[in-house]
Amino acid sequence: MYIWRIRKLTITYEIISKDDEKIVLKDIEKNAFYKIENTTPFNINVSPFLKEVKPIFNYIFLDEVPDVLLFGVPFNQGSRAPQSQVNQFPQLLREASLKLTQFNHYPISKPLNFYELDTQQKIDCGRVLDLGDVKSFDNHSERVAIQKVSSYCVNSTLPFICIGGDHSYTYDIISSFSKMDKKIAIWVVDAHNDLFGNPENLDHGNVFFHIAQLPFVEAIVQIGGRGFRTDSQLVQHPKVVQITKQQASKEKITELLEKYSHLDGYLSIDMDALDPIYFPYVDFRVPNGFNNNELLEIINLIFNFSNIKAVDIVEGSVGGNSSGGDYDIPLHILIRILNNLFVHKGVKKINGIIQ
Ligand SMILES: [Mn+2]
């Protein structure tokens, strides 16, 4: 028998890896490795809709209750870009995260923490459960699969983050909030307004037209629109407030955050909000976008005012070297979002004031 049964649970082990059958542990003091049976039931009732992958930061969570949930949506069927490869983004981001590998502890979890040298800050991200990637199952469509997984997250009442995928799947995630019986505001940072085109087919170019039809969505605030439009491409909607990149001052965004501070919030980050100089790996690059710090300031501002329940990061694509630093900017954004989800978890705010 190669499987050891660990009895002295007072010793702290690092969780090195996990598969369906076994978990590899390392005794930190003795520098010795052990294999134990993997008796943790792989998640939850939606596991047929999830593919297990190497988790972000190789942080393997085996405890009962995490602070934050994460899942990947490796799909591109809603993209208008020919042969879009946005389906590969969850994997690329997970690969990029491995340079910040943090082996979780066993039997008692330790939280994910980072140190940012630039700001001399410790970034607490709590205990994160990476559920894996959504997969279609049986005769269910990709969209049904996403709705199953995001409904699980909504029902858990834990904050969660989804890594897309094209922007159309934001519709399926937001749909899962229908059962909460609460009105929500959607905060979007994107170079485009995604309200244009044949409304018959939901895709990433008209996704916010469809989201605006959901009765529990009270308002959609789009920040970062830029570039040229034709008359017919210039679409407005009574539920949608548009703040262009040029208009996106702290004051303007705060004014809207105050207006909608009575609502729960959802945040959607399209990677093309960033200037292509900083992150060119998207299908539709638009010049004169936000830099990394401007985007992070907007994200922090939104979290400080709004009760954000879930976030997505979408439309990242292939082209860069995941281990060579080309995906560090989305990775830093992810870390900052995890930190915000963890820190603001369960904190009720009205007009930026903790209640
Ligand atoms: Mn978009």
# chains A, B, ... in the order shown; residues from 1 in each chain; ligands from 1
call {"tool": "closest_atom_pairs", "arguments": {"of": "stretch 162-246 of chain A", "to": "stretch 64-72 of chain A", "cutoff": "8 Å", "atoms": "only C-alpha atoms", "output": "Markdown table"}}
result
| residue | atom | partner | partner_atom | distance |
| --- | --- | --- | --- | --- |
| A:Cys162 | CA | A:Phe71 | CA | 5.1 |
| A:Ile163 | CA | A:Gly72 | CA | 4.6 |
| A:Gly164 | CA | A:Gly72 | CA | 6.0 |
| A:Gly165 | CA | A:Gly72 | CA | 7.8 |
call {"tool": "residues_near_ligand", "arguments": {"ligand": "ligand 1", "cutoff": "9 Å", "atoms": "only C-alpha atoms and all ligand atoms", "output": "PyMOL selection string"}}
result
chain A and resi 166-168+188-194+204-208+268-273+314-315
call {"tool": "closest_residue", "arguments": {"among": "A:Val149, A:Ile335, A:Ile354, A:Leu301", "to": "A:Ser249", "atoms": "only C-alpha atoms"}}
result
A:Leu301
call {"tool": "residues_around", "arguments": {"residues": "A:Ile220", "least_positions_apart": "4", "cutoff": "6 Å", "atoms": "only C-alpha atoms", "output": "PyMOL selection string"}}
result
chain A and resi 185-186+240
call {"tool": "write_last_selection", "arguments": {"atoms": "C-alpha atoms", "output": "PDB file, in the first residue's frame"}}
result
ATOM      1  CA  ALA A 185     -27.247  47.305 -10.441  1.00  0.00           C
ATOM      2  CA  ILE A 186     -24.715  46.071 -12.967  1.00  0.00           C
ATOM      3  CA  VAL A 240     -28.354  51.878 -19.263  1.00  0.00           C
TER       4      VAL A 240
END
call {"tool": "residues_around", "arguments": {"residues": "A:Pro74", "least_positions_apart": "3", "cutoff": "12 Å", "atoms": "only C-alpha atoms", "output": "mmCIF file with N, CA and C atoms, in the first residue's frame"}}
result
data_model
loop_
_atom_site.group_PDB
_atom_site.id
_atom_site.type_symbol
_atom_site.label_atom_id
_atom_site.label_comp_id
_atom_site.auth_asym_id
_atom_site.auth_seq_id
_atom_site.Cartn_x
_atom_site.Cartn_y
_atom_site.Cartn_z
ATOM 1 N N LEU A 50 -18.945 20.615 -13.846
ATOM 2 C CA LEU A 50 -17.628 21.199 -13.584
ATOM 3 C C LEU A 50 -16.522 20.234 -13.966
ATOM 4 N N LYS A 51 -15.490 20.771 -14.570
ATOM 5 C CA LYS A 51 -14.301 19.997 -14.896
ATOM 6 C C LYS A 51 -13.230 20.401 -13.902
ATOM 7 N N VAL A 53 -9.703 21.203 -12.567
ATOM 8 C CA VAL A 53 -8.451 21.658 -13.178
ATOM 9 C C VAL A 53 -7.485 22.033 -12.057
ATOM 10 N N PHE A 71 -14.842 30.289 -10.551
ATOM 11 C CA PHE A 71 -14.932 29.256 -11.587
ATOM 12 C C PHE A 71 -14.593 29.845 -12.946
ATOM 13 N N GLN A 77 -18.695 30.615 -27.723
ATOM 14 C CA GLN A 77 -19.774 30.511 -28.713
ATOM 15 C C GLN A 77 -20.561 31.802 -28.894
ATOM 16 N N GLY A 78 -20.416 32.729 -27.952
ATOM 17 C CA GLY A 78 -21.143 33.997 -28.071
ATOM 18 C C GLY A 78 -20.311 35.107 -28.679
ATOM 19 N N SER A 84 -12.568 32.979 -32.369
ATOM 20 C CA SER A 84 -12.129 33.563 -31.100
ATOM 21 C C SER A 84 -11.560 32.472 -30.195
ATOM 22 N N GLN A 85 -10.517 32.816 -29.473
ATOM 23 C CA GLN A 85 -9.936 31.837 -28.539
ATOM 24 C C GLN A 85 -10.062 32.299 -27.088
ATOM 25 N N VAL A 86 -11.091 33.109 -26.839
ATOM 26 C CA VAL A 86 -11.327 33.570 -25.462
ATOM 27 C C VAL A 86 -11.660 32.408 -24.519
ATOM 28 N N ASN A 87 -11.990 31.265 -25.098
ATOM 29 C CA ASN A 87 -12.258 30.087 -24.264
ATOM 30 C C ASN A 87 -11.006 29.619 -23.518
ATOM 31 N N GLN A 88 -9.822 30.059 -23.965
ATOM 32 C CA GLN A 88 -8.579 29.598 -23.324
ATOM 33 C C GLN A 88 -8.123 30.486 -22.166
ATOM 34 N N PHE A 89 -8.831 31.577 -21.951
ATOM 35 C CA PHE A 89 -8.367 32.544 -20.949
ATOM 36 C C PHE A 89 -8.329 31.990 -19.516
ATOM 37 N N PRO A 90 -9.345 31.226 -19.073
ATOM 38 C CA PRO A 90 -9.259 30.712 -17.698
ATOM 39 C C PRO A 90 -7.978 29.896 -17.473
ATOM 40 N N GLN A 91 -7.648 29.071 -18.455
ATOM 41 C CA GLN A 91 -6.436 28.252 -18.352
ATOM 42 C C GLN A 91 -5.176 29.124 -18.319
ATOM 43 N N LEU A 92 -5.123 30.149 -19.178
ATOM 44 C CA LEU A 92 -3.951 31.035 -19.231
ATOM 45 C C LEU A 92 -3.759 31.779 -17.909
ATOM 46 N N LEU A 93 -4.865 32.222 -17.337
ATOM 47 C CA LEU A 93 -4.773 32.944 -16.064
ATOM 48 C C LEU A 93 -4.332 32.000 -14.936
ATOM 49 N N GLY A 132 -13.242 25.001 -10.544
ATOM 50 C CA GLY A 132 -12.845 24.409 -11.824
ATOM 51 C C GLY A 132 -13.530 25.130 -12.966
ATOM 52 N N ASP A 133 -13.547 24.488 -14.119
ATOM 53 C CA ASP A 133 -14.172 25.095 -15.297
ATOM 54 C C ASP A 133 -15.559 24.506 -15.536
ATOM 55 N N VAL A 134 -16.469 25.355 -15.951
ATOM 56 C CA VAL A 134 -17.809 24.877 -16.311
ATOM 57 C C VAL A 134 -17.688 23.986 -17.547
ATOM 58 N N LYS A 135 -18.444 22.897 -17.556
ATOM 59 C CA LYS A 135 -18.511 22.074 -18.772
ATOM 60 C C LYS A 135 -19.957 21.663 -19.040
ATOM 61 N N SER A 136 -20.282 21.530 -20.321
ATOM 62 C CA SER A 136 -21.636 21.083 -20.624
ATOM 63 C C SER A 136 -21.718 19.586 -20.322
ATOM 64 N N GLU A 142 -24.117 24.806 -22.922
ATOM 65 C CA GLU A 142 -23.132 25.542 -22.121
ATOM 66 C C GLU A 142 -23.846 26.546 -21.224
ATOM 67 N N ARG A 143 -24.872 27.192 -21.778
ATOM 68 C CA ARG A 143 -25.566 28.231 -21.014
ATOM 69 C C ARG A 143 -26.262 27.641 -19.784
ATOM 70 N N ALA A 145 -25.335 24.956 -18.260
ATOM 71 C CA ALA A 145 -24.258 24.551 -17.346
ATOM 72 C C ALA A 145 -23.788 25.745 -16.509
ATOM 73 N N ILE A 146 -23.600 26.891 -17.151
ATOM 74 C CA ILE A 146 -23.167 28.088 -16.407
ATOM 75 C C ILE A 146 -24.229 28.478 -15.390
ATOM 76 N N CYS A 162 -16.114 34.899 -11.682
ATOM 77 C CA CYS A 162 -16.112 34.020 -12.848
ATOM 78 C C CYS A 162 -15.086 34.538 -13.852
ATOM 79 N N ILE A 163 -14.262 33.640 -14.385
ATOM 80 C CA ILE A 163 -13.280 33.998 -15.409
ATOM 81 C C ILE A 163 -13.794 33.489 -16.751
ATOM 82 N N GLY A 164 -14.143 34.441 -17.665
ATOM 83 C CA GLY A 164 -14.638 34.033 -18.988
ATOM 84 C C GLY A 164 -13.479 33.789 -19.923
ATOM 85 N N GLY A 165 -13.793 33.354 -21.135
ATOM 86 C CA GLY A 165 -15.061 33.355 -21.790
ATOM 87 C C GLY A 165 -15.422 34.696 -22.433
ATOM 88 N N ASP A 166 -16.306 34.567 -23.448
ATOM 89 C CA ASP A 166 -16.760 35.803 -24.078
ATOM 90 C C ASP A 166 -17.833 36.467 -23.202
ATOM 91 N N HIS A 167 -18.132 37.715 -23.541
ATOM 92 C CA HIS A 167 -18.971 38.524 -22.656
ATOM 93 C C HIS A 167 -20.423 38.061 -22.616
ATOM 94 N N TYR A 169 -21.708 35.338 -21.816
ATOM 95 C CA TYR A 169 -22.044 34.463 -20.685
ATOM 96 C C TYR A 169 -22.339 35.245 -19.404
ATOM 97 N N ILE A 313 -14.561 38.502 -15.121
ATOM 98 C CA ILE A 313 -13.479 39.068 -15.948
ATOM 99 C C ILE A 313 -13.575 38.326 -17.269
ATOM 100 N N VAL A 314 -13.855 39.041 -18.354
ATOM 101 C CA VAL A 314 -14.154 38.359 -19.619
ATOM 102 C C VAL A 314 -13.332 38.912 -20.780
ATOM 103 N N GLU A 315 -13.391 38.187 -21.881
ATOM 104 C CA GLU A 315 -12.855 38.610 -23.182
ATOM 105 C C GLU A 315 -11.331 38.636 -23.256
ATOM 106 N N GLY A 316 -10.635 38.094 -22.249
ATOM 107 C CA GLY A 316 -9.197 37.896 -22.399
ATOM 108 C C GLY A 316 -8.985 36.784 -23.418
ATOM 109 N N SER A 317 -7.852 36.825 -24.119
ATOM 110 C CA SER A 317 -7.642 35.804 -25.138
ATOM 111 C C SER A 317 -6.175 35.374 -25.209
#
call {"tool": "residues_around", "arguments": {"residues": "A:Asn31", "least_positions_apart": "4", "cutoff": "12 Å", "atoms": "only C-alpha atoms", "output": "PyMOL selection string"}}
result
chain A and resi 12-14+25-27
call {"tool": "residues_around", "arguments": {"residues": "A:Ile23", "least_positions_apart": "3", "cutoff": "10 Å", "atoms": "only C-alpha atoms", "output": "ChimeraX atom specification"}}
result
/A:3,15-20,34-40,60,62
call {"tool": "write_last_selection", "arguments": {"atoms": "N, CA and C atoms", "output": "PDB file, in the first residue's frame"}}
result
ATOM      1  N   ILE A   3      -0.528   4.217   0.113  1.00  0.00           N
ATOM      2  CA  ILE A   3      -1.286   5.306   0.735  1.00  0.00           C
ATOM      3  C   ILE A   3      -1.074   5.300   2.239  1.00  0.00           C
ATOM      4  N   ILE A  15      -0.525  21.141   1.068  1.00  0.00           N
ATOM      5  CA  ILE A  15      -1.213  20.319   0.064  1.00  0.00           C
ATOM      6  C   ILE A  15      -0.542  20.587  -1.279  1.00  0.00           C
ATOM      7  N   ILE A  16       0.158  19.605  -1.777  1.00  0.00           N
ATOM      8  CA  ILE A  16       0.956  19.794  -2.990  1.00  0.00           C
ATOM      9  C   ILE A  16       0.119  19.578  -4.250  1.00  0.00           C
ATOM     10  N   SER A  17      -0.665  18.504  -4.237  1.00  0.00           N
ATOM     11  CA  SER A  17      -1.496  18.230  -5.407  1.00  0.00           C
ATOM     12  C   SER A  17      -2.654  17.332  -5.004  1.00  0.00           C
ATOM     13  N   LYS A  18      -3.575  17.198  -5.933  1.00  0.00           N
ATOM     14  CA  LYS A  18      -4.778  16.407  -5.647  1.00  0.00           C
ATOM     15  C   LYS A  18      -5.295  15.842  -6.953  1.00  0.00           C
ATOM     16  N   ASP A  19      -5.724  14.584  -6.933  1.00  0.00           N
ATOM     17  CA  ASP A  19      -6.517  14.075  -8.053  1.00  0.00           C
ATOM     18  C   ASP A  19      -7.701  13.316  -7.474  1.00  0.00           C
ATOM     19  N   ASP A  20      -8.416  12.601  -8.318  1.00  0.00           N
ATOM     20  CA  ASP A  20      -9.644  11.943  -7.851  1.00  0.00           C
ATOM     21  C   ASP A  20      -9.370  10.970  -6.702  1.00  0.00           C
ATOM     22  N   TYR A  34       3.749  12.644   1.665  1.00  0.00           N
ATOM     23  CA  TYR A  34       2.804  11.570   1.948  1.00  0.00           C
ATOM     24  C   TYR A  34       1.663  11.622   0.948  1.00  0.00           C
ATOM     25  N   LYS A  35       1.097  10.452   0.713  1.00  0.00           N
ATOM     26  CA  LYS A  35      -0.123  10.415  -0.086  1.00  0.00           C
ATOM     27  C   LYS A  35      -1.244   9.927   0.808  1.00  0.00           C
ATOM     28  N   ILE A  36      -2.354  10.605   0.757  1.00  0.00           N
ATOM     29  CA  ILE A  36      -3.523  10.112   1.484  1.00  0.00           C
ATOM     30  C   ILE A  36      -4.673   9.955   0.492  1.00  0.00           C
ATOM     31  N   GLU A  37      -5.641   9.132   0.887  1.00  0.00           N
ATOM     32  CA  GLU A  37      -6.810   8.956   0.027  1.00  0.00           C
ATOM     33  C   GLU A  37      -7.583  10.258  -0.071  1.00  0.00           C
ATOM     34  N   ASN A  38      -8.052  10.546  -1.249  1.00  0.00           N
ATOM     35  CA  ASN A  38      -8.906  11.722  -1.423  1.00  0.00           C
ATOM     36  C   ASN A  38     -10.340  11.316  -1.106  1.00  0.00           C
ATOM     37  N   THR A  39     -10.722  11.594   0.120  1.00  0.00           N
ATOM     38  CA  THR A  39     -12.080  11.235   0.525  1.00  0.00           C
ATOM     39  C   THR A  39     -13.008  12.433   0.478  1.00  0.00           C
ATOM     40  N   THR A  40     -12.446  13.599   0.123  1.00  0.00           N
ATOM     41  CA  THR A  40     -13.326  14.766   0.028  1.00  0.00           C
ATOM     42  C   THR A  40     -14.220  14.576  -1.189  1.00  0.00           C
ATOM     43  N   ILE A  60      -5.147  24.537  -3.110  1.00  0.00           N
ATOM     44  CA  ILE A  60      -6.161  23.474  -3.078  1.00  0.00           C
ATOM     45  C   ILE A  60      -6.951  23.582  -1.778  1.00  0.00           C
ATOM     46  N   LEU A  62      -9.627  22.162   0.791  1.00  0.00           N
ATOM     47  CA  LEU A  62     -10.288  20.907   1.170  1.00  0.00           C
ATOM     48  C   LEU A  62     -11.254  21.076   2.334  1.00  0.00           C
TER      49      LEU A  62
END
call {"tool": "residues_around", "arguments": {"residues": "stretch 285-297 of chain A", "least_positions_apart": "5", "cutoff": "8 Å", "atoms": "only C-alpha atoms", "output": "number ranges by chain"}}
result
A: 191, 224, 226-227, 245, 272-276, 278, 280, 329, 333, 336
call {"tool": "write_last_selection", "arguments": {"atoms": "C-alpha atoms", "output": "PDB file, in the first residue's frame"}}
result
ATOM      1  CA  ALA A 191     -14.514  49.767 -24.324  1.00  0.00           C
ATOM      2  CA  GLY A 224     -15.006  53.203 -20.460  1.00  0.00           C
ATOM      3  CA  ARG A 226     -14.441  54.875 -26.518  1.00  0.00           C
ATOM      4  CA  GLY A 227     -13.648  54.941 -30.239  1.00  0.00           C
ATOM      5  CA  LYS A 245     -13.585  56.748 -20.976  1.00  0.00           C
ATOM      6  CA  ASP A 272     -10.617  45.463 -23.601  1.00  0.00           C
ATOM      7  CA  ALA A 273     -11.343  48.261 -21.119  1.00  0.00           C
ATOM      8  CA  LEU A 274      -7.561  48.371 -20.718  1.00  0.00           C
ATOM      9  CA  ASP A 275      -5.436  50.159 -23.262  1.00  0.00           C
ATOM     10  CA  PRO A 276      -3.960  47.655 -25.749  1.00  0.00           C
ATOM     11  CA  TYR A 278      -1.061  47.231 -21.348  1.00  0.00           C
ATOM     12  CA  PRO A 280      -3.339  43.525 -26.196  1.00  0.00           C
ATOM     13  CA  ILE A 329      -2.078  42.517 -15.455  1.00  0.00           C
ATOM     14  CA  ILE A 333      -6.764  42.589 -11.304  1.00  0.00           C
ATOM     15  CA  ARG A 336      -7.425  42.861  -6.234  1.00  0.00           C
TER      16      ARG A 336
END
call {"tool": "select_by_dssp", "arguments": {"residues": "stretch 127-294 of chain A", "states": "strand (DSSP E or B)", "output": "count of residues only"}}
result
41
call {"tool": "closest_residue", "arguments": {"among": "A:Asn139, A:Trp187, A:Phe61, A:Arg127", "to": "A:Tyr106", "atoms": "only C-alpha atoms"}}
result
A:Phe61
call {"tool": "atom_distance", "arguments": {"atom1": "atom CA of A:Ile302", "atom2": "atom CA of A:Leu257"}}
result
7.0 Å
call {"tool": "closest_residue", "arguments": {"among": "A:Gly197, A:Pro55, A:Pro48, A:Pro238", "to": "A:Arg94", "atoms": "only C-alpha atoms"}}
result
A:Pro55
call {"tool": "closest_residue", "arguments": {"among": "A:Ala32, A:Val144, A:Ala310, A:Leu112", "to": "A:Phe49", "atoms": "only C-alpha atoms"}}
result
A:Val144
call {"tool": "closest_residue", "arguments": {"among": "A:Lys54, A:Phe305, A:Ala96, A:Ile173", "to": "A:Asn351", "atoms": "only C-alpha atoms"}}
result
A:Phe305
call {"tool": "closest_residue", "arguments": {"among": "A:Ile161, A:Val24, A:Ile56, A:Leu129", "to": "A:Gln102", "atoms": "only C-alpha atoms"}}
result
A:Ile56
call {"tool": "atom_distance", "arguments": {"atom1": "atom CA of A:Ser323", "atom2": "atom CA of A:Leu98"}}
result
8.1 Å
call {"tool": "select_by_dssp", "arguments": {"residues": "stretch 64-144 of chain A", "states": "alpha helix (DSSP H)", "output": "list in words"}}
result
Phe89, Pro90, Gln91, Leu92, Leu93, Arg94, Glu95, Ala96, Ser97, Glu142, Arg143 and Val144 of chain A
call {"tool": "write_last_selection", "arguments": {"atoms": "N, CA and C atoms", "output": "PDB file, in the first residue's frame"}}
result
ATOM      1  N   PHE A  89      -8.831  31.577 -21.951  1.00  0.00           N
ATOM      2  CA  PHE A  89      -8.367  32.544 -20.949  1.00  0.00           C
ATOM      3  C   PHE A  89      -8.329  31.990 -19.516  1.00  0.00           C
ATOM      4  N   PRO A  90      -9.345  31.226 -19.073  1.00  0.00           N
ATOM      5  CA  PRO A  90      -9.259  30.712 -17.698  1.00  0.00           C
ATOM      6  C   PRO A  90      -7.978  29.896 -17.473  1.00  0.00           C
ATOM      7  N   GLN A  91      -7.648  29.071 -18.455  1.00  0.00           N
ATOM      8  CA  GLN A  91      -6.436  28.252 -18.352  1.00  0.00           C
ATOM      9  C   GLN A  91      -5.176  29.124 -18.319  1.00  0.00           C
ATOM     10  N   LEU A  92      -5.123  30.149 -19.178  1.00  0.00           N
ATOM     11  CA  LEU A  92      -3.951  31.035 -19.231  1.00  0.00           C
ATOM     12  C   LEU A  92      -3.759  31.779 -17.909  1.00  0.00           C
ATOM     13  N   LEU A  93      -4.865  32.222 -17.337  1.00  0.00           N
ATOM     14  CA  LEU A  93      -4.773  32.944 -16.064  1.00  0.00           C
ATOM     15  C   LEU A  93      -4.332  32.000 -14.936  1.00  0.00           C
ATOM     16  N   ARG A  94      -4.839  30.779 -14.969  1.00  0.00           N
ATOM     17  CA  ARG A  94      -4.407  29.804 -13.954  1.00  0.00           C
ATOM     18  C   ARG A  94      -2.921  29.512 -14.108  1.00  0.00           C
ATOM     19  N   GLU A  95      -2.441  29.380 -15.354  1.00  0.00           N
ATOM     20  CA  GLU A  95      -0.996  29.144 -15.571  1.00  0.00           C
ATOM     21  C   GLU A  95      -0.180  30.322 -15.045  1.00  0.00           C
ATOM     22  N   ALA A  96      -0.638  31.538 -15.371  1.00  0.00           N
ATOM     23  CA  ALA A  96       0.095  32.737 -14.922  1.00  0.00           C
ATOM     24  C   ALA A  96       0.166  32.799 -13.399  1.00  0.00           C
ATOM     25  N   SER A  97      -0.873  32.271 -12.740  1.00  0.00           N
ATOM     26  CA  SER A  97      -0.936  32.366 -11.274  1.00  0.00           C
ATOM     27  C   SER A  97       0.079  31.450 -10.595  1.00  0.00           C
ATOM     28  N   GLU A 142     -24.117  24.806 -22.922  1.00  0.00           N
ATOM     29  CA  GLU A 142     -23.132  25.542 -22.121  1.00  0.00           C
ATOM     30  C   GLU A 142     -23.846  26.546 -21.224  1.00  0.00           C
ATOM     31  N   ARG A 143     -24.872  27.192 -21.778  1.00  0.00           N
ATOM     32  CA  ARG A 143     -25.566  28.231 -21.014  1.00  0.00           C
ATOM     33  C   ARG A 143     -26.262  27.641 -19.784  1.00  0.00           C
ATOM     34  N   VAL A 144     -26.890  26.481 -19.959  1.00  0.00           N
ATOM     35  CA  VAL A 144     -27.540  25.832 -18.811  1.00  0.00           C
ATOM     36  C   VAL A 144     -26.478  25.452 -17.782  1.00  0.00           C
TER      37      VAL A 144
END
